[in-house]
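Enquirer: Dropping in data02.txt, with compact mmCIF, C-alpha atoms.
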# COMPACT_ATOMS: atom_id res chain seq x y z
CA MET G 1 13.61 3.66 -16.34
CA LEU G 2 10.97 1.22 -17.64
CA THR G 3 9.20 1.64 -20.98
CA VAL G 4 5.64 0.48 -21.71
CA ASP G 5 4.22 0.05 -25.22
CA ASP G 6 0.51 0.62 -25.79
CA ASP G 7 1.01 -1.06 -29.16
CA PRO G 8 3.75 -3.72 -28.99
CA GLY G 9 3.77 -3.92 -32.79
CA ARG G 10 4.55 -0.24 -33.18
CA PRO G 11 8.06 0.61 -34.42
CA ALA G 12 10.53 1.60 -31.73
CA ASP G 13 11.08 5.26 -30.97
CA THR G 14 13.77 6.93 -33.02
CA SER G 15 17.27 7.10 -31.64
CA GLU G 16 16.78 10.86 -31.43
CA ALA G 17 13.71 10.49 -29.17
CA ASN G 18 15.40 7.92 -26.96
CA GLY G 19 18.53 10.07 -26.86
CA ALA G 20 16.48 13.04 -25.63
CA VAL G 21 15.09 10.91 -22.78
CA ALA G 22 18.56 9.61 -21.88
CA ALA G 23 19.95 13.15 -21.86
CA PHE G 24 17.13 14.37 -19.64
CA LEU G 25 17.65 11.53 -17.16
CA ARG G 26 21.36 12.22 -16.91
CA ASN G 27 20.66 15.90 -16.26
CA TYR G 28 17.81 15.07 -13.87
CA ARG G 29 19.95 12.83 -11.66
CA LYS G 30 22.74 15.39 -11.38
CA ARG G 31 20.50 18.17 -10.09
CA GLU G 32 19.37 18.96 -6.59
CA PRO G 33 15.94 17.40 -5.81
CA ASP G 34 13.95 20.66 -6.04
CA ALA G 35 15.68 21.75 -9.23
CA ALA G 36 15.17 18.34 -10.79
CA TRP G 37 11.52 18.35 -9.73
CA SER G 38 10.91 21.65 -11.52
CA LEU G 39 11.88 19.97 -14.82
CA LEU G 40 10.16 16.62 -14.39
CA GLY G 41 6.48 17.45 -14.89
CA GLY G 42 6.97 19.33 -18.14
CA PHE G 43 9.25 16.70 -19.62
CA ALA G 44 6.91 13.84 -18.62
CA ALA G 45 4.08 15.55 -20.53
CA ARG G 46 6.03 15.78 -23.79
CA ALA G 47 8.11 12.59 -23.55
CA PRO G 48 7.56 9.69 -25.98
CA ASP G 49 4.47 7.70 -24.99
CA ARG G 50 6.29 4.56 -23.95
CA TRP G 51 8.31 6.52 -21.38
CA LYS G 52 5.35 8.37 -19.88
CA PRO G 53 4.11 5.76 -17.34
CA ALA G 54 7.51 5.51 -15.63
CA LEU G 55 8.00 9.29 -15.70
CA HIS G 56 4.51 9.89 -14.33
CA MET G 57 5.22 7.39 -11.55
CA GLU G 58 8.24 9.50 -10.67
CA VAL G 59 5.96 12.55 -10.64
CA THR G 60 3.64 10.86 -8.12
CA THR G 61 6.64 10.32 -5.83
CA GLY G 62 7.59 13.99 -6.02
CA LEU G 63 4.02 15.08 -5.34
CA LEU G 64 3.80 12.81 -2.31
CA LYS G 65 7.08 14.07 -0.86
CA ARG G 66 5.83 17.65 -1.21
CA GLY G 67 2.52 16.96 0.52
CA PHE G 68 0.26 16.99 -2.56
CA PHE G 69 -1.49 13.77 -1.57
CA ASP G 70 -4.62 14.29 -3.69
CA ASP G 71 -2.60 14.97 -6.83
CA SER G 72 -0.24 12.07 -6.16
CA GLY G 73 -3.13 9.69 -5.57
CA ALA G 74 -5.04 10.89 -8.64
CA LEU G 75 -2.06 10.36 -10.94
CA ALA G 76 -1.26 6.97 -9.38
CA SER G 77 -4.91 5.99 -9.83
CA GLN G 78 -4.75 6.91 -13.53
CA LEU G 79 -1.65 4.76 -13.99
CA TRP G 80 -3.25 1.90 -12.06
CA GLU G 81 -6.41 1.93 -14.19
CA LYS G 82 -4.36 2.06 -17.37
CA LEU G 83 -1.93 -0.74 -16.51
CA ARG G 84 -3.53 -3.10 -13.98
CA ARG G 85 -4.89 -5.48 -16.64
CA ARG G 86 -1.63 -5.62 -18.58
CA ARG G 87 0.56 -8.72 -18.37
CA ASP G 88 3.79 -7.51 -20.00
CA PHE G 89 6.62 -7.33 -17.49
CA ASN G 90 7.33 -3.58 -17.43
CA ALA G 91 3.64 -2.67 -17.28
CA VAL G 92 3.12 -5.06 -14.34
CA LEU G 93 6.03 -3.52 -12.43
CA ILE G 94 4.76 0.03 -12.88
CA ALA G 95 1.21 -1.06 -11.99
CA ASP G 96 2.65 -2.60 -8.82
CA GLN G 97 4.28 0.73 -7.96
CA ALA G 98 1.00 2.56 -8.56
CA ALA G 99 -0.90 0.09 -6.36
CA SER G 100 1.73 0.48 -3.65
CA ARG G 101 1.37 4.26 -3.78
CA LEU G 102 -2.42 4.02 -3.51
CA ILE G 103 -2.10 1.68 -0.52
CA ASP G 104 0.24 4.12 1.25
CA ILE G 105 -2.16 6.99 0.68
CA GLY G 106 -5.18 4.86 1.61
CA ILE G 107 -3.63 3.78 4.92
CA GLY G 108 -2.60 7.34 5.70
CA ARG G 109 -6.15 8.55 5.11
CA ALA G 110 -7.91 5.58 6.76
CA ASP G 111 -9.70 4.93 3.46
CA SER G 112 -11.02 1.41 4.05
CA GLU G 113 -13.10 1.35 0.86
CA GLY G 114 -10.14 2.37 -1.29
CA LEU G 115 -7.95 -0.25 0.37
CA ARG G 116 -10.51 -3.00 -0.18
CA ARG G 117 -10.86 -1.98 -3.82
CA ILE G 118 -7.09 -2.24 -4.38
CA ILE G 119 -7.00 -5.64 -2.63
CA ILE G 120 -9.82 -6.98 -4.81
CA GLU G 121 -8.40 -5.55 -8.02
CA ASN G 122 -5.07 -7.26 -7.33
CA GLU G 123 -6.67 -10.69 -7.08
CA GLY G 124 -5.54 -12.75 -10.06
CA ARG G 125 -2.89 -10.23 -11.12
CA PRO G 126 0.68 -11.48 -11.61
CA TRP G 127 2.06 -8.98 -9.09
CA HIS G 128 5.61 -9.31 -7.88
CA GLY G 129 6.96 -9.99 -4.39
CA ALA G 130 7.58 -6.35 -3.50
CA LEU G 131 3.81 -5.73 -3.47
CA GLU G 132 2.97 -8.71 -1.26
CA GLY G 133 3.84 -6.99 2.01
CA LYS G 134 1.88 -3.90 1.02
CA LEU G 135 -1.20 -5.96 0.22
CA LEU G 136 -0.94 -7.68 3.61
CA ARG G 137 -0.72 -4.28 5.32
CA ALA G 138 -3.70 -3.07 3.29
CA ASN G 139 -5.71 -6.14 4.30
CA GLN G 140 -4.89 -5.64 7.97
CA ALA G 141 -5.62 -1.90 7.84
CA ALA G 142 -8.95 -2.45 6.06
CA TRP G 143 -9.95 -5.00 8.73
CA LEU G 144 -9.04 -2.66 11.57
CA LEU G 145 -10.86 0.28 10.00
CA ALA G 146 -14.01 -1.81 9.49
CA HIS G 147 -14.44 -2.67 13.17
CA THR G 148 -15.22 -0.69 16.30
CA GLY G 149 -12.57 0.55 18.67
CA ALA G 150 -13.25 -2.21 21.20
CA GLN G 151 -12.85 -4.84 18.50
CA ASN G 152 -9.76 -3.63 16.69
CA ILE G 153 -7.31 -3.57 19.61
CA ALA G 154 -4.97 -6.50 19.21
CA CYS G 155 -4.20 -6.72 22.95
CA GLY G 156 -7.72 -8.07 23.59
CA PRO G 157 -7.40 -11.20 21.43
CA ARG G 158 -3.79 -11.69 22.55
CA ALA G 159 -4.86 -11.53 26.19
CA LEU G 160 -7.73 -13.92 25.56
CA ASN G 161 -5.37 -16.38 23.93
CA SER G 162 -3.00 -16.06 26.90
CA ILE G 163 -5.86 -16.84 29.27
CA LEU G 164 -6.80 -19.89 27.18
CA ASP G 165 -3.18 -21.02 27.23
CA PHE G 166 -3.03 -20.53 31.02
CA GLN G 167 -6.14 -22.68 31.35
CA ARG G 168 -4.61 -25.25 28.95
CA ALA G 169 -7.43 -24.68 26.48
CA ASP G 170 -6.89 -24.62 22.72
CA TYR G 171 -4.50 -21.87 21.72
CA VAL G 172 -5.03 -20.00 18.44
CA PRO G 173 -2.16 -17.81 17.14
CA VAL G 174 -3.24 -14.21 16.56
CA ARG G 175 -3.56 -13.01 12.96
CA LEU G 176 -5.18 -9.61 12.53
CA ASP G 177 -6.83 -10.66 9.28
CA ARG G 178 -8.07 -14.03 10.57
CA PHE G 179 -9.78 -13.44 13.90
CA SER G 180 -12.56 -15.86 14.67
CA GLY G 181 -16.16 -14.73 14.72
CA ASP G 182 -16.11 -14.50 18.53
CA TYR G 183 -13.43 -11.81 18.45
CA ILE G 184 -15.17 -9.84 15.73
CA ALA G 185 -18.61 -10.07 17.33
CA THR G 186 -17.72 -9.05 20.83
CA GLY G 187 -14.08 -8.01 21.23
CA LEU G 188 -12.65 -8.06 24.77
CA PRO G 189 -13.23 -4.85 26.77
CA MET G 190 -10.28 -3.74 28.88
CA THR G 191 -12.47 -3.76 32.02
CA GLU G 192 -13.24 -7.43 31.41
CA LEU G 193 -9.56 -8.16 30.87
CA HIS G 194 -8.72 -6.35 34.14
CA SER G 195 -11.36 -8.36 35.99
CA MET G 196 -10.09 -11.64 34.54
CA ALA G 197 -6.51 -10.76 35.49
CA GLY G 198 -7.61 -10.26 39.09
CA LYS G 199 -9.34 -13.64 39.21
CA LEU G 200 -6.20 -15.33 37.88
CA GLY G 201 -3.89 -13.51 40.25
CA TRP G 202 -2.12 -11.52 37.54
CA GLN G 203 -0.75 -8.05 38.13
CA ALA G 204 -2.53 -5.68 35.72
CA GLN G 205 -3.19 -1.99 35.57
CA LEU G 206 -5.52 -0.04 33.32
CA VAL G 207 -3.84 2.88 31.55
CA ARG G 208 -5.74 5.43 29.52
CA ARG G 209 -3.89 6.91 26.58
CA THR G 210 -4.83 10.45 25.58
Please, can you express the file's structure as structure tokens?

Expert:
Amino acid sequence: MLTVDDDPGRPADTSEANGAVAAFLRNYRKREPDAAWSLLGGFAARAPDRWKPALHMEVTTGLLKRGFFDDSGALASQLWEKLRRRRDFNAVLIADQAASRLIDIGIGRADSEGLRRIIIENEGRPWHGALEGKLLRANQAAWLLAHTGAQNIACGPRALNSILDFQRADYVPVRLDRFSGDYIATGLPMTELHSMAGKLGWQAQLVRRT
């Protein structure tokens, strides 16, 4: 469990306070998940300040698992705002966890604005490798959510690249976050793809998913 000091020059917590946290954690880990959860919120509220961020991050996990997405996101957002500008190691790690939680909730809710905000706020932060994949997912999801249905289907650009390759034209590898302006402006309708396949002698069939 990570500790975060609001005042690094403040004296360390007493051995009694740290002992109380250690005793709680031992008891917490031995209990069944629901029984442990019933104890966590109350203890997190009265724990020594330097333990609270990590304990509250654990609370957000419990809230998410139980379907309280608003409450989980609100608490993760509070932690993120409190810690995202910090540069001490433990604070950065917990801020990374909070950002990761907000990305998960943002993707689940198709919240493109929230995802873009998290991406921007992470620029220049010394985040660690575990968050890199989440930020890439957030970037891709925000791009897809910002475009129309005809534009955000990856099979269109992939098919167009295959046609270019067949014609020995320049081939551009597909990256969801780096489509050229042509893809973004027009997309490739499935009817056009079907027509092109016929002209090239490919076997293709339109399937509607409901």

Enquirer: Considering all atoms listed in the file, can you say which of G:Arg87, G:Asn139, G:Ser100, G:Trp51 comes closest to Gly124 in chain G?

Expert: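 Closest candidate: G:Arg87.
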
Enquirer: Report as JSON the centre and the edge lengths, in Å to one decimal, of the axis-aligned box holding every listed atom of range 108-126 of chain G, padded by 5 Å on each side.

Expert:
{"center_x": -6.2, "center_y": -2.1, "center_z": -2.4, "size_x": 23.8, "size_y": 31.3, "size_z": 28.4}

Enquirer: How far is it from CA of Leu115 in chain G to CA of Ile103 in chain G, in Å with one decimal?

Expert: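 Going from CA of Leu115 in chain G over to CA of Ile103 in chain G, I get 6.2 Å.
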
Enquirer: Expressed in Å to a single decimal, how great is the separation between CA of Asp88 in chain G and CA of Lys52 in chain G?

Expert: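 Here the two named atoms are 16.0 Å from each other.
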
Enquirer: Take CA of Pro126 in chain G and CA of Ser72 in chain G and report the distance between them in Å, one decimal.

Expert: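 Going from CA of Pro126 in chain G over to CA of Ser72 in chain G, I get 24.2 Å.
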
Enquirer: Per residue of range 69-141 of chain G within 12 Å of range 59-64 of chain G, what are the shortest atom pair and its distance in Å to one decimal, counting all atoms listed in the file, with rows by chain and residue number, as CSV?

Expert:
residue,atom,partner,partner_atom,distance
G:Phe69,CA,G:Leu64,CA,5.4
G:Asp70,CA,G:Leu64,CA,8.7
G:Asp71,CA,G:Leu63,CA,6.8
G:Ser72,CA,G:Thr60,CA,4.5
G:Gly73,CA,G:Thr60,CA,7.3
G:Ala74,CA,G:Thr60,CA,8.7
G:Leu75,CA,G:Thr60,CA,6.4
G:Ala76,CA,G:Thr60,CA,6.4
G:Ser77,CA,G:Thr60,CA,10.0
G:Gln78,CA,G:Thr60,CA,10.7
G:Leu79,CA,G:Thr60,CA,10.0
G:Trp80,CA,G:Thr60,CA,12.0
G:Ile94,CA,G:Thr60,CA,11.9
G:Gln97,CA,G:Thr61,CA,10.1
G:Ala98,CA,G:Thr60,CA,8.7
G:Ala99,CA,G:Thr60,CA,11.8
G:Ser100,CA,G:Thr61,CA,11.2
G:Arg101,CA,G:Thr60,CA,8.2
G:Leu102,CA,G:Thr60,CA,10.2
G:Asp104,CA,G:Leu64,CA,10.0
G:Ile105,CA,G:Leu64,CA,8.9
G:Gly108,CA,G:Leu64,CA,11.6

Enquirer: What does the file look like for those residues with C-alpha atoms, as a PDB file, keeping the file's coordinate frame?

Expert:
ATOM      1  CA  PHE G  69      -1.490  13.770  -1.570  1.00  0.00           C
ATOM      2  CA  ASP G  70      -4.620  14.290  -3.690  1.00  0.00           C
ATOM      3  CA  ASP G  71      -2.600  14.970  -6.830  1.00  0.00           C
ATOM      4  CA  SER G  72      -0.240  12.070  -6.160  1.00  0.00           C
ATOM      5  CA  GLY G  73      -3.130   9.690  -5.570  1.00  0.00           C
ATOM      6  CA  ALA G  74      -5.040  10.890  -8.640  1.00  0.00           C
ATOM      7  CA  LEU G  75      -2.060  10.360 -10.940  1.00  0.00           C
ATOM      8  CA  ALA G  76      -1.260   6.970  -9.380  1.00  0.00           C
ATOM      9  CA  SER G  77      -4.910   5.990  -9.830  1.00  0.00           C
ATOM     10  CA  GLN G  78      -4.750   6.910 -13.530  1.00  0.00           C
ATOM     11  CA  LEU G  79      -1.650   4.760 -13.990  1.00  0.00           C
ATOM     12  CA  TRP G  80      -3.250   1.900 -12.060  1.00  0.00           C
ATOM     13  CA  ILE G  94       4.760   0.030 -12.880  1.00  0.00           C
ATOM     14  CA  GLN G  97       4.280   0.730  -7.960  1.00  0.00           C
ATOM     15  CA  ALA G  98       1.000   2.560  -8.560  1.00  0.00           C
ATOM     16  CA  ALA G  99      -0.900   0.090  -6.360  1.00  0.00           C
ATOM     17  CA  SER G 100       1.730   0.480  -3.650  1.00  0.00           C
ATOM     18  CA  ARG G 101       1.370   4.260  -3.780  1.00  0.00           C
ATOM     19  CA  LEU G 102      -2.420   4.020  -3.510  1.00  0.00           C
ATOM     20  CA  ASP G 104       0.240   4.120   1.250  1.00  0.00           C
ATOM     21  CA  ILE G 105      -2.160   6.990   0.680  1.00  0.00           C
ATOM     22  CA  GLY G 108      -2.600   7.340   5.700  1.00  0.00           C
TER      23      GLY G 108
END

Enquirer: My list of candidates is G:Val21, G:Asp96, G:Phe68, G:Gly114. Which is closest to Arg46 in chain G when distances are computed with only C-alpha atoms?

Expert: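 Among G:Val21, G:Asp96, G:Phe68, G:Gly114, it is G:Val21 that comes nearest to Arg46 in chain G.
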
Enquirer: Using only C-alpha atoms, which of the listed residues (G:Val92, G:Ala47, G:Ala110, G:Ala36) sits closest to Gln140 in chain G?

Expert: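 Closest to Gln140 in chain G, using only C-alpha atoms: G:Ala110.
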
Enquirer: For each of G:Trp127, G:Leu136, G:Lys30, G:Ala20, take the minimum atom-to-atom distance to Ala44 in chain G, counting all atoms listed in the file, then give the residue where this is smallest.

Expert: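 Selected residue with least distance to Ala44 in chain G: G:Ala20.
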
Enquirer: Mind filling out range 62-73 of chain G with all heavy atoms and sending it as a compact mmCIF listing (two decimals), in the coordinates of the input?

Expert:
# COMPACT_ATOMS: atom_id res chain seq x y z
N GLY G 62 7.29 12.61 -6.36
CA GLY G 62 7.59 13.99 -6.02
C GLY G 62 6.41 14.71 -5.40
O GLY G 62 6.57 15.49 -4.45
N LEU G 63 5.22 14.46 -5.91
CA LEU G 63 4.02 15.08 -5.34
C LEU G 63 3.80 14.63 -3.90
O LEU G 63 3.47 15.44 -3.03
CB LEU G 63 2.80 14.73 -6.19
CG LEU G 63 2.71 15.39 -7.57
CD1 LEU G 63 1.62 14.73 -8.42
CD2 LEU G 63 2.44 16.89 -7.43
N LEU G 64 4.00 13.33 -3.66
CA LEU G 64 3.80 12.81 -2.31
C LEU G 64 4.79 13.42 -1.33
O LEU G 64 4.43 13.82 -0.22
CB LEU G 64 3.94 11.29 -2.32
CG LEU G 64 3.58 10.56 -1.03
CD1 LEU G 64 2.07 10.61 -0.81
CD2 LEU G 64 4.05 9.11 -1.08
N LYS G 65 6.05 13.52 -1.74
CA LYS G 65 7.08 14.07 -0.86
C LYS G 65 6.80 15.53 -0.52
O LYS G 65 7.21 16.02 0.53
CB LYS G 65 8.45 13.95 -1.52
CG LYS G 65 8.98 12.53 -1.57
CD LYS G 65 10.35 12.49 -2.24
CE LYS G 65 10.92 11.07 -2.25
NZ LYS G 65 12.23 11.02 -2.94
N ARG G 66 6.12 16.23 -1.42
CA ARG G 66 5.83 17.65 -1.21
C ARG G 66 4.47 17.90 -0.58
O ARG G 66 4.03 19.03 -0.46
CB ARG G 66 5.98 18.38 -2.55
CG ARG G 66 7.43 18.50 -2.96
CD ARG G 66 7.61 18.78 -4.46
NE ARG G 66 9.03 18.94 -4.75
CZ ARG G 66 9.88 17.92 -4.91
NH1 ARG G 66 9.45 16.68 -4.79
NH2 ARG G 66 11.16 18.15 -5.17
N GLY G 67 3.78 16.82 -0.20
CA GLY G 67 2.52 16.96 0.52
C GLY G 67 1.29 17.10 -0.35
O GLY G 67 0.20 17.34 0.18
N PHE G 68 1.42 16.90 -1.67
CA PHE G 68 0.26 16.99 -2.56
C PHE G 68 -0.36 15.60 -2.70
O PHE G 68 -0.28 14.95 -3.75
CB PHE G 68 0.68 17.55 -3.92
CG PHE G 68 1.23 18.95 -3.86
CD1 PHE G 68 2.60 19.17 -3.97
CD2 PHE G 68 0.39 20.03 -3.67
CE1 PHE G 68 3.12 20.45 -3.92
CE2 PHE G 68 0.90 21.32 -3.61
CZ PHE G 68 2.27 21.52 -3.73
N PHE G 69 -1.01 15.14 -1.61
CA PHE G 69 -1.49 13.77 -1.57
C PHE G 69 -2.61 13.51 -2.56
O PHE G 69 -2.66 12.44 -3.18
CB PHE G 69 -1.95 13.43 -0.14
CG PHE G 69 -0.90 13.65 0.90
CD1 PHE G 69 -1.09 14.58 1.92
CD2 PHE G 69 0.31 12.98 0.85
CE1 PHE G 69 -0.11 14.80 2.86
CE2 PHE G 69 1.29 13.19 1.79
CZ PHE G 69 1.09 14.11 2.80
N ASP G 70 -3.53 14.47 -2.72
CA ASP G 70 -4.62 14.29 -3.69
C ASP G 70 -4.07 14.13 -5.10
O ASP G 70 -4.50 13.24 -5.84
CB ASP G 70 -5.57 15.50 -3.64
CG ASP G 70 -6.51 15.44 -2.45
OD1 ASP G 70 -6.64 14.36 -1.84
OD2 ASP G 70 -7.13 16.47 -2.13
N ASP G 71 -3.15 15.01 -5.47
CA ASP G 71 -2.60 14.97 -6.83
C ASP G 71 -1.79 13.69 -7.05
O ASP G 71 -1.88 13.06 -8.12
CB ASP G 71 -1.71 16.19 -7.08
CG ASP G 71 -2.50 17.48 -7.07
OD1 ASP G 71 -3.72 17.43 -7.33
OD2 ASP G 71 -1.91 18.54 -6.81
N SER G 72 -1.02 13.30 -6.05
CA SER G 72 -0.24 12.07 -6.16
C SER G 72 -1.15 10.86 -6.32
O SER G 72 -0.94 9.99 -7.18
CB SER G 72 0.66 11.89 -4.93
OG SER G 72 1.40 10.70 -5.01
N GLY G 73 -2.20 10.81 -5.50
CA GLY G 73 -3.13 9.69 -5.57
C GLY G 73 -3.90 9.66 -6.88
O GLY G 73 -4.14 8.59 -7.45
